[in-house]
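Student: Here you go, this is work-v1.txt (compact mmCIF, C-alpha atoms).
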```txt
# COMPACT_ATOMS: atom_id res chain seq x y z
CA MET A 763 -10.63 17.94 -27.26
CA ASN A 764 -10.92 15.55 -30.17
CA ILE A 765 -9.21 12.19 -30.03
CA ILE A 766 -6.10 11.55 -32.04
CA ASP A 767 -7.15 8.67 -34.29
CA TYR A 768 -4.96 5.75 -35.29
CA GLU A 769 -3.63 5.71 -38.87
CA GLU A 770 -4.95 9.14 -39.18
CA THR A 771 -7.11 9.87 -42.13
CA LYS A 772 -8.46 12.48 -39.68
CA GLN A 773 -7.68 16.02 -40.79
CA GLN A 774 -5.35 17.72 -38.33
CA GLY A 775 -6.50 21.32 -38.08
CA SER A 776 -7.95 22.43 -41.42
CA PRO A 777 -6.82 21.91 -45.04
CA ASP A 778 -5.35 25.43 -45.14
CA PHE A 779 -3.83 25.21 -41.62
CA PRO A 780 -3.03 21.51 -40.96
CA ILE A 781 -1.90 21.63 -37.34
CA GLU A 782 -3.75 20.65 -34.13
CA TYR A 783 -3.14 21.11 -30.39
CA TYR A 784 -4.23 18.59 -27.72
CA PHE A 785 -4.20 18.83 -23.91
CA LEU A 786 -4.32 15.46 -22.14
CA ASP A 787 -5.03 14.66 -18.51
CA HIS A 788 -6.71 11.68 -16.83
CA ARG A 789 -10.12 12.69 -18.23
CA HIS A 790 -9.07 12.48 -21.87
CA ILE A 791 -9.98 9.42 -23.96
CA ARG A 792 -6.39 9.22 -25.18
CA TYR A 793 -4.76 9.86 -21.80
CA VAL A 794 -3.17 6.44 -22.23
CA MET A 795 -2.00 6.94 -25.79
CA GLN A 796 -2.84 3.77 -27.64
CA LEU A 797 -0.60 2.64 -30.46
CA HIS A 798 -1.10 4.79 -33.55
CA TRP A 799 0.74 6.24 -36.51
CA HIS A 800 0.23 9.00 -39.02
CA ARG A 801 2.21 10.70 -41.76
CA GLU A 802 2.20 13.96 -39.79
CA PHE A 803 4.91 14.93 -37.32
CA GLU A 804 4.10 15.16 -33.61
CA LEU A 805 5.52 17.00 -30.60
CA ILE A 806 4.79 15.82 -27.05
CA ARG A 807 5.52 18.02 -24.02
CA VAL A 808 5.22 16.73 -20.44
CA LEU A 809 3.74 19.38 -18.14
CA ALA A 810 3.76 17.27 -14.96
CA GLY A 811 4.59 13.71 -13.93
CA LYS A 812 6.15 11.04 -16.11
CA LEU A 813 5.29 9.72 -19.57
CA ARG A 814 6.72 6.53 -21.04
CA VAL A 815 6.78 7.04 -24.80
CA PHE A 816 7.40 4.15 -27.19
CA LEU A 817 8.54 4.99 -30.73
CA ASN A 818 8.71 1.91 -32.95
CA ASN A 819 8.74 0.08 -29.60
CA LYS A 820 11.86 1.88 -28.32
CA GLU A 821 11.15 3.38 -24.89
CA TYR A 822 11.82 6.98 -23.86
CA LEU A 823 11.03 8.16 -20.33
CA ALA A 824 9.87 11.79 -20.45
CA GLN A 825 9.51 13.80 -17.24
CA THR A 826 8.27 17.28 -16.39
CA GLY A 827 9.53 19.74 -19.00
CA ASP A 828 10.79 17.10 -21.44
CA ILE A 829 9.77 17.25 -25.08
CA ILE A 830 9.56 14.30 -27.48
CA PHE A 831 9.85 14.78 -31.24
CA VAL A 832 8.02 12.15 -33.32
CA SER A 833 8.73 11.84 -37.04
CA GLY A 834 6.03 10.93 -39.52
CA HIS A 835 5.12 7.25 -40.05
CA THR A 836 6.36 6.30 -36.56
CA LEU A 837 4.47 3.70 -34.52
CA THR A 838 3.77 5.61 -31.30
CA ARG A 839 2.21 4.85 -27.93
CA ALA A 840 2.57 6.36 -24.44
CA GLU A 841 1.83 5.38 -20.85
CA PRO A 842 1.34 8.25 -18.34
CA GLU A 843 2.28 8.06 -14.66
CA ASP A 844 0.30 10.79 -12.82
CA CYS A 845 1.00 12.83 -15.90
CA VAL A 846 -0.39 15.88 -17.67
CA TYR A 847 0.91 16.44 -21.18
CA GLU A 848 0.18 18.19 -24.45
CA CYS A 849 0.67 17.32 -28.11
CA ILE A 850 0.93 19.15 -31.40
CA VAL A 851 0.35 17.23 -34.63
CA PHE A 852 1.16 18.94 -37.92
CA ASP A 853 1.73 18.36 -41.62
CA LEU A 854 5.29 19.40 -42.49
CA ASN A 855 4.08 20.45 -45.94
CA MET A 856 2.44 23.47 -44.31
CA ILE A 857 5.86 25.16 -44.11
CA ARG A 858 7.58 23.40 -47.02
CA GLY A 859 4.96 24.96 -49.28
CA PHE A 860 6.24 28.42 -48.38
CA HIS A 861 9.71 27.72 -49.79
CA GLN A 862 11.31 27.15 -53.17
CA GLY A 863 14.57 25.56 -54.22
CA LYS A 864 17.21 24.94 -51.58
CA ALA A 865 15.09 25.95 -48.59
CA ALA A 866 12.40 23.42 -49.54
CA GLY A 867 15.09 20.80 -50.12
CA TYR A 868 16.10 20.85 -46.46
CA LEU A 869 12.73 19.30 -45.55
CA VAL A 870 12.44 16.75 -48.38
CA PRO A 871 14.44 13.97 -46.63
CA LEU A 872 12.12 14.26 -43.61
CA LEU A 873 9.00 14.07 -45.76
CA ALA A 874 10.41 11.12 -47.72
CA GLY A 875 11.32 9.23 -44.55
CA ASP A 876 15.03 9.24 -45.35
CA SER A 877 15.68 11.39 -42.26
CA GLU A 878 14.08 11.55 -38.82
CA LEU A 879 14.10 13.79 -35.75
CA VAL A 880 16.21 12.93 -32.72
CA PRO A 881 13.39 12.18 -30.24
CA GLU A 882 14.45 13.50 -26.81
CA LEU A 883 14.80 17.14 -25.78
CA HIS A 884 15.36 17.92 -22.09
CA PRO A 885 14.75 21.35 -20.48
CA GLU A 886 17.65 23.59 -21.31
CA ASN A 887 18.34 27.25 -22.01
CA THR A 888 18.78 26.88 -25.77
CA PRO A 889 17.06 28.51 -28.76
CA LEU A 890 15.64 25.12 -29.81
CA TYR A 891 14.00 24.44 -26.46
CA LYS A 892 12.67 28.00 -26.16
CA THR A 893 11.26 27.88 -29.70
CA THR A 894 9.51 24.55 -29.06
CA VAL A 895 7.92 25.90 -25.87
CA GLU A 896 6.89 29.02 -27.77
CA LEU A 897 5.09 26.86 -30.33
CA PHE A 898 3.12 25.03 -27.62
CA GLU A 899 2.17 28.27 -25.88
CA THR A 900 1.09 29.93 -29.12
CA MET A 901 -1.02 26.95 -30.20
CA CYS A 902 -2.62 26.68 -26.76
CA ALA A 903 -3.53 30.38 -26.56
CA ALA A 904 -4.77 30.55 -30.18
CA ASP A 905 -4.97 34.34 -30.05
CA LYS A 906 -6.10 36.44 -32.99
CA TYR A 907 -3.78 36.06 -36.01
CA TYR A 908 -1.89 33.25 -34.22
CA GLU A 909 -1.70 31.32 -37.51
CA LEU A 910 0.91 33.78 -38.77
CA ALA A 911 2.97 33.34 -35.62
CA VAL A 912 2.75 29.53 -35.78
CA CYS A 913 4.12 29.37 -39.33
CA GLY A 914 7.03 31.59 -38.36
CA ILE A 915 7.78 29.56 -35.24
CA LEU A 916 7.73 26.28 -37.19
CA ASN A 917 10.26 27.65 -39.68
CA LYS A 918 12.47 28.78 -36.80
CA LEU A 919 12.03 25.40 -35.08
CA PHE A 920 13.32 23.44 -38.07
CA PHE A 921 16.18 25.89 -38.51
CA HIS A 922 17.29 25.10 -34.96
CA LEU A 923 16.76 21.35 -35.44
CA LEU A 924 19.04 21.40 -38.47
CA SER A 925 21.59 23.75 -36.85
CA ASP A 926 21.79 21.60 -33.70
CA GLY A 927 22.25 18.37 -35.64
CA ARG A 928 18.98 16.93 -34.38
CA ILE A 929 17.95 15.49 -37.74
CA ARG A 930 19.54 12.13 -38.58
CA LYS A 931 19.25 9.39 -41.18
CA SER A 932 16.34 7.03 -40.62
CA GLU A 933 16.74 3.45 -39.52
CA LYS A 934 15.49 1.89 -42.74
CA ASN A 935 14.80 -1.50 -41.18
CA LEU A 936 11.90 0.08 -39.30
CA ARG A 937 10.17 1.04 -42.55
CA GLY A 938 9.90 -2.43 -44.00
CA HIS A 939 7.06 -4.74 -44.91
CA LYS A 940 6.39 -5.96 -41.37
CA LYS A 941 5.90 -2.45 -40.02
CA LYS A 942 3.40 -1.67 -42.78
CA ILE A 943 1.45 -4.82 -41.93
CA VAL A 944 1.30 -3.92 -38.22
CA ALA A 945 0.21 -0.36 -39.06
CA SER A 946 -2.56 -1.71 -41.30
CA LEU A 947 -3.72 -4.07 -38.55
CA ILE A 948 -3.90 -1.19 -36.08
CA SER A 949 -6.16 0.71 -38.49
CA TRP A 950 -8.35 -2.37 -38.99
CA ILE A 951 -8.65 -3.01 -35.24
CA GLU A 952 -9.63 0.63 -34.63
CA LYS A 953 -12.53 0.23 -37.04
CA ASN A 954 -13.66 -3.17 -35.72
CA TYR A 955 -12.81 -3.30 -31.99
CA THR A 956 -16.49 -3.34 -30.96
CA GLU A 957 -16.92 -6.66 -32.79
CA LYS A 958 -15.54 -10.07 -31.88
CA ILE A 959 -11.94 -10.28 -33.13
CA THR A 960 -9.96 -13.51 -33.13
CA LEU A 961 -6.34 -14.25 -33.93
CA ALA A 962 -7.62 -16.02 -37.03
CA ASP A 963 -9.26 -12.77 -38.15
CA LEU A 964 -6.01 -10.84 -37.65
CA ALA A 965 -4.00 -13.53 -39.40
CA ALA A 966 -6.34 -13.34 -42.37
CA GLN A 967 -5.95 -9.56 -42.50
CA SER A 968 -2.15 -9.72 -42.29
CA GLY A 969 -1.42 -12.74 -44.46
CA PHE A 970 0.73 -14.20 -41.64
CA ASN A 971 0.04 -17.36 -39.69
CA GLU A 972 -1.15 -16.78 -36.12
CA LYS A 973 2.15 -17.60 -34.41
CA TYR A 974 4.22 -15.36 -36.68
CA LEU A 975 1.61 -12.61 -36.45
CA CYS A 976 1.89 -12.52 -32.64
CA ARG A 977 5.67 -12.35 -32.84
CA VAL A 978 5.67 -9.49 -35.38
CA PHE A 979 2.95 -7.55 -33.56
CA ARG A 980 4.86 -7.78 -30.28
CA GLU A 981 8.10 -6.77 -32.03
CA PHE A 982 6.62 -3.41 -33.03
CA THR A 983 4.15 -2.76 -30.20
CA GLY A 984 5.58 -4.51 -27.14
CA GLN A 985 2.36 -6.43 -26.57
CA PRO A 986 0.40 -9.29 -28.16
CA PRO A 987 -2.65 -8.44 -30.31
CA THR A 988 -5.19 -9.61 -27.70
CA GLU A 989 -3.71 -7.35 -25.02
CA TYR A 990 -3.66 -4.40 -27.42
CA ILE A 991 -7.35 -4.91 -28.23
CA ASN A 992 -8.32 -5.25 -24.56
CA ARG A 993 -6.43 -2.06 -23.64
CA LEU A 994 -8.16 -0.20 -26.46
CA ARG A 995 -11.60 -1.42 -25.33
CA VAL A 996 -10.93 -0.46 -21.70
CA GLU A 997 -9.86 3.06 -22.67
CA ARG A 998 -12.94 3.52 -24.82
CA ALA A 999 -15.18 2.22 -22.04
CA ALA A 1000 -13.56 4.62 -19.55
CA PHE A 1001 -14.14 7.48 -21.97
CA GLU A 1002 -17.81 6.55 -22.40
CA MET A 1003 -18.31 6.47 -18.61
CA SER A 1004 -16.42 9.67 -17.86
CA THR A 1005 -17.27 11.90 -20.81
CA ASN A 1006 -20.57 10.59 -22.17
CA ARG A 1007 -21.81 9.45 -18.73
CA ARG A 1008 -22.69 5.98 -19.97
CA SER A 1009 -23.51 3.30 -17.42
CA VAL A 1010 -20.98 0.57 -16.67
CA THR A 1011 -23.08 -1.98 -18.55
CA ASP A 1012 -23.60 0.17 -21.63
CA ALA A 1013 -19.93 1.19 -21.73
CA ALA A 1014 -18.84 -2.44 -21.53
CA TYR A 1015 -21.04 -3.73 -24.36
CA GLU A 1016 -20.50 -0.70 -26.59
CA SER A 1017 -16.72 -1.13 -26.28
CA GLY A 1018 -16.72 -4.73 -27.46
CA PHE A 1019 -16.98 -6.76 -24.22
CA ASN A 1020 -19.52 -9.57 -24.26
CA GLU A 1021 -19.50 -10.40 -20.53
CA LEU A 1022 -19.60 -7.99 -17.61
CA SER A 1023 -17.42 -10.23 -15.45
CA HIS A 1024 -14.71 -10.29 -18.13
CA PHE A 1025 -15.04 -6.52 -18.53
CA SER A 1026 -14.64 -5.94 -14.79
CA ARG A 1027 -11.53 -8.13 -14.55
CA THR A 1028 -9.93 -6.57 -17.60
CA PHE A 1029 -10.78 -3.01 -16.57
CA LYS A 1030 -9.25 -3.50 -13.12
CA LYS A 1031 -6.16 -5.12 -14.64
CA TYR A 1032 -5.35 -2.03 -16.70
CA LYS A 1033 -6.88 0.74 -14.57
CA GLY A 1034 -6.16 -0.63 -11.10
CA ILE A 1035 -9.77 -0.02 -10.06
CA SER A 1036 -13.11 -1.68 -10.77
CA PRO A 1037 -15.34 -0.01 -13.39
CA ARG A 1038 -18.02 0.66 -10.76
CA LYS A 1039 -15.55 2.47 -8.49
CA PHE A 1040 -14.23 4.35 -11.50
CA LYS A 1041 -17.75 5.41 -12.38
CA ALA A 1042 -18.44 6.47 -8.78
CA GLN A 1043 -15.31 8.64 -8.74
CA ILE A 1044 -16.35 10.31 -11.98
CA ASN A 1045 -19.80 11.07 -10.55
CA GLU A 1046 -18.17 12.76 -7.54
CA GLU A 1047 -16.17 15.16 -9.72
```
Take the structure in the file and give it back as C-alpha cells.

Tutor:
Amino acid sequence: MNIIDYEETKQQGSPDFPIEYYFLDHRHIRYVMQLHWHREFELIRVLAGKLRVFLNNKEYLAQTGDIIFVSGHTLTRAEPEDCVYECIVFDLNMIRGFHQGKAAGYLVPLLAGDSELVPELHPENTPLYKTTVELFETMCAADKYYELAVCGILNKLFFHLLSDGRIRKSEKNLRGHKKKIVASLISWIEKNYTEKITLADLAAQSGFNEKYLCRVFREFTGQPPTEYINRLRVERAAFEMSTNRRSVTDAAYESGFNELSHFSRTFKKYKGISPRKFKAQINEE
C-alpha cells in the first residue's frame, strides 16, 4: 500500500479514475494516521478494534463496523486501538462530471465547502450502510470492469446521503485563516521533518509569534507542534524498521533524530516499547 500523504498533491488513483483504496493494520506506515488534509473526500471503515478519529480536532470513537465520512479540506488524524481499518479517498468530481444541470448542482455545495457530510455511520440495515459497504468491497476486490461498478455505487451513495439528510451546512468558522495556516504548516513539516525544526522556524513559516502559534496549532490538532513532529518521526522510523528493514540507528537518523537516547525515549513514549524490542518483534514475523 502507498501512504496517504499530508496536504495531498499525491494523485489518488489515476487522472481518469481518481479514487484509491487503503488497508491499514499495525504494519502500515500510516497505521497511526498522522494529521493530514486534502481536497478529496474520505471514507474510513473499522474492520476490528477501535479507532479514535479527530476531524478538525473533534473526536469520534469508531468501533467494529462503524464508518466515518470525511469531507474535503478537513484536518484529519486517527489513533487505532488494536484496530484494523480501511480507507477510500476519492475526488468528488469523478461523479459530478457525469451529470449536467440539476443533478450536478446537488454536489456543488459539497465541492465548494458550503456543505459537509455528517461524519458517523453505525452498522445498521439501511440502504446507505449497505451501499457504503458495497463500495469498500468493490474497491478492495478490484475485479475486471470494477471501475464501472464503482461509479454507479458512488452515485447511489450520494443519493442515499442526500435522501437521509446526512449532508449539512458547514461550520464556516473551521474554514478560516487559522485553519489554512495550520494546514500549510503540516505540509511544510512533512517536507522538512528529517531536518532540525524549531518553534522559531514554524513561527517564521506561519507569521505568528511562537506562543500564539502553539495555541493555534493545538486548537486544530490537539497537540503542540513539537509533539506532532516527534510522533511523525517515530511513525516514519517504525516504518523504516518494519518495511524497509532498516537498523534502529539508521531509522533514527533518517527520521530526523540526532541522538539515539532521545530517539529511544521518544519511541517508547509513543509506541510503548523500545525501538530495539520493536525491531526484534518485526524480525520474528

Student: Could you work out how far CA of Arg792 (chain A) lies from CA of Val846 (chain A), giving the answer in Å with one decimal?

Tutor: 11.7 Å

Student: So how many Å separate CA of Arg1038 (chain A) and CA of Gly811 (chain A), to one decimal?

Tutor: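 Going from CA of Arg1038 (chain A) over to CA of Gly811 (chain A) covers 26.3 Å.
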
Student: In Å, with one decimal, what is the gap from CA of Asn971 (chain A) to CA of Pro987 (chain A)?

Tutor: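 Atom-to-atom, CA of Asn971 (chain A) and CA of Pro987 (chain A) are spaced 13.2 Å apart.
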
Student: Looking at A:Val851, A:Leu817, A:Leu809, A:Ile943, which one is nearest to Gln796 (chain A), with distances taken over all atoms listed in the file?

Tutor: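 Ranked by minimum distance to Gln796 (chain A), first place goes to A:Leu817.
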
Student: May I ask which of the residues A:Phe898, A:Tyr908, A:Tyr891, A:Phe816 is the closest one to Asp926 (chain A), counting all atoms listed in the file?

Tutor: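 Using all atoms listed in the file, Asp926 (chain A) sits closest to A:Tyr891.
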
Student: Counting only C-alpha atoms, figure out which residue out of A:Ile830, A:Ala1000, A:Val815, A:Val912 gets nearest to Lys1033 (chain A).

Tutor: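 Closest to Lys1033 (chain A), using only C-alpha atoms: A:Ala1000.
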
Student: Using all atoms listed in the file, can you tell me which of A:Glu1046, A:Glu804, A:Glu957, A:Asp787 comes closest to Arg839 (chain A)?

Tutor: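 Result for the nearest residue to Arg839 (chain A): A:Glu804.
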
Student: Which is closer to Asn818 (chain A) than all the others in A:Ser776, A:Ser1036, A:Thr983, A:Thr956, using all atoms listed in the file?

Tutor: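 Comparing A:Ser776, A:Ser1036, A:Thr983, A:Thr956 against Asn818 (chain A), the winner is A:Thr983.
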
Student: My list of candidates is A:Phe779, A:Ala962, A:Ser1017, A:Lys953. Which is closest to Tyr974 (chain A) when distances are computed with only C-alpha atoms?

Tutor: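 Checking each candidate against Tyr974 (chain A), we get A:Ala962 as the closest.
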
Student: Do you know which residues are at most 12 Å from region 883-885 of chain A counting only C-alpha atoms, after dropping those on the same chain fewer than 6 positions away, and could you put them as a ChimeraX atom specification?

Tutor: /A:805-809,822-832,891-895,923,926,928

Student: Could the residues in this selection be saved with C-alpha atoms as a compact mmCIF listing (two decimals), in the frame of the given file?

Tutor:
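Contents of out.txt, freshly written:
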```txt
# COMPACT_ATOMS: atom_id res chain seq x y z
CA LEU A 805 5.52 17.00 -30.60
CA ILE A 806 4.79 15.82 -27.05
CA ARG A 807 5.52 18.02 -24.02
CA VAL A 808 5.22 16.73 -20.44
CA LEU A 809 3.74 19.38 -18.14
CA TYR A 822 11.82 6.98 -23.86
CA LEU A 823 11.03 8.16 -20.33
CA ALA A 824 9.87 11.79 -20.45
CA GLN A 825 9.51 13.80 -17.24
CA THR A 826 8.27 17.28 -16.39
CA GLY A 827 9.53 19.74 -19.00
CA ASP A 828 10.79 17.10 -21.44
CA ILE A 829 9.77 17.25 -25.08
CA ILE A 830 9.56 14.30 -27.48
CA PHE A 831 9.85 14.78 -31.24
CA VAL A 832 8.02 12.15 -33.32
CA TYR A 891 14.00 24.44 -26.46
CA LYS A 892 12.67 28.00 -26.16
CA THR A 893 11.26 27.88 -29.70
CA THR A 894 9.51 24.55 -29.06
CA VAL A 895 7.92 25.90 -25.87
CA LEU A 923 16.76 21.35 -35.44
CA ASP A 926 21.79 21.60 -33.70
CA ARG A 928 18.98 16.93 -34.38
```

Student: Just give me the residues with any atom within 10 Å of (1.4, 27.1, -31.9), file coordinates, counting all atoms listed in the file, written as a PyMOL selection string.

Tutor: chain A and resi 781-783+850+894-905+908-916
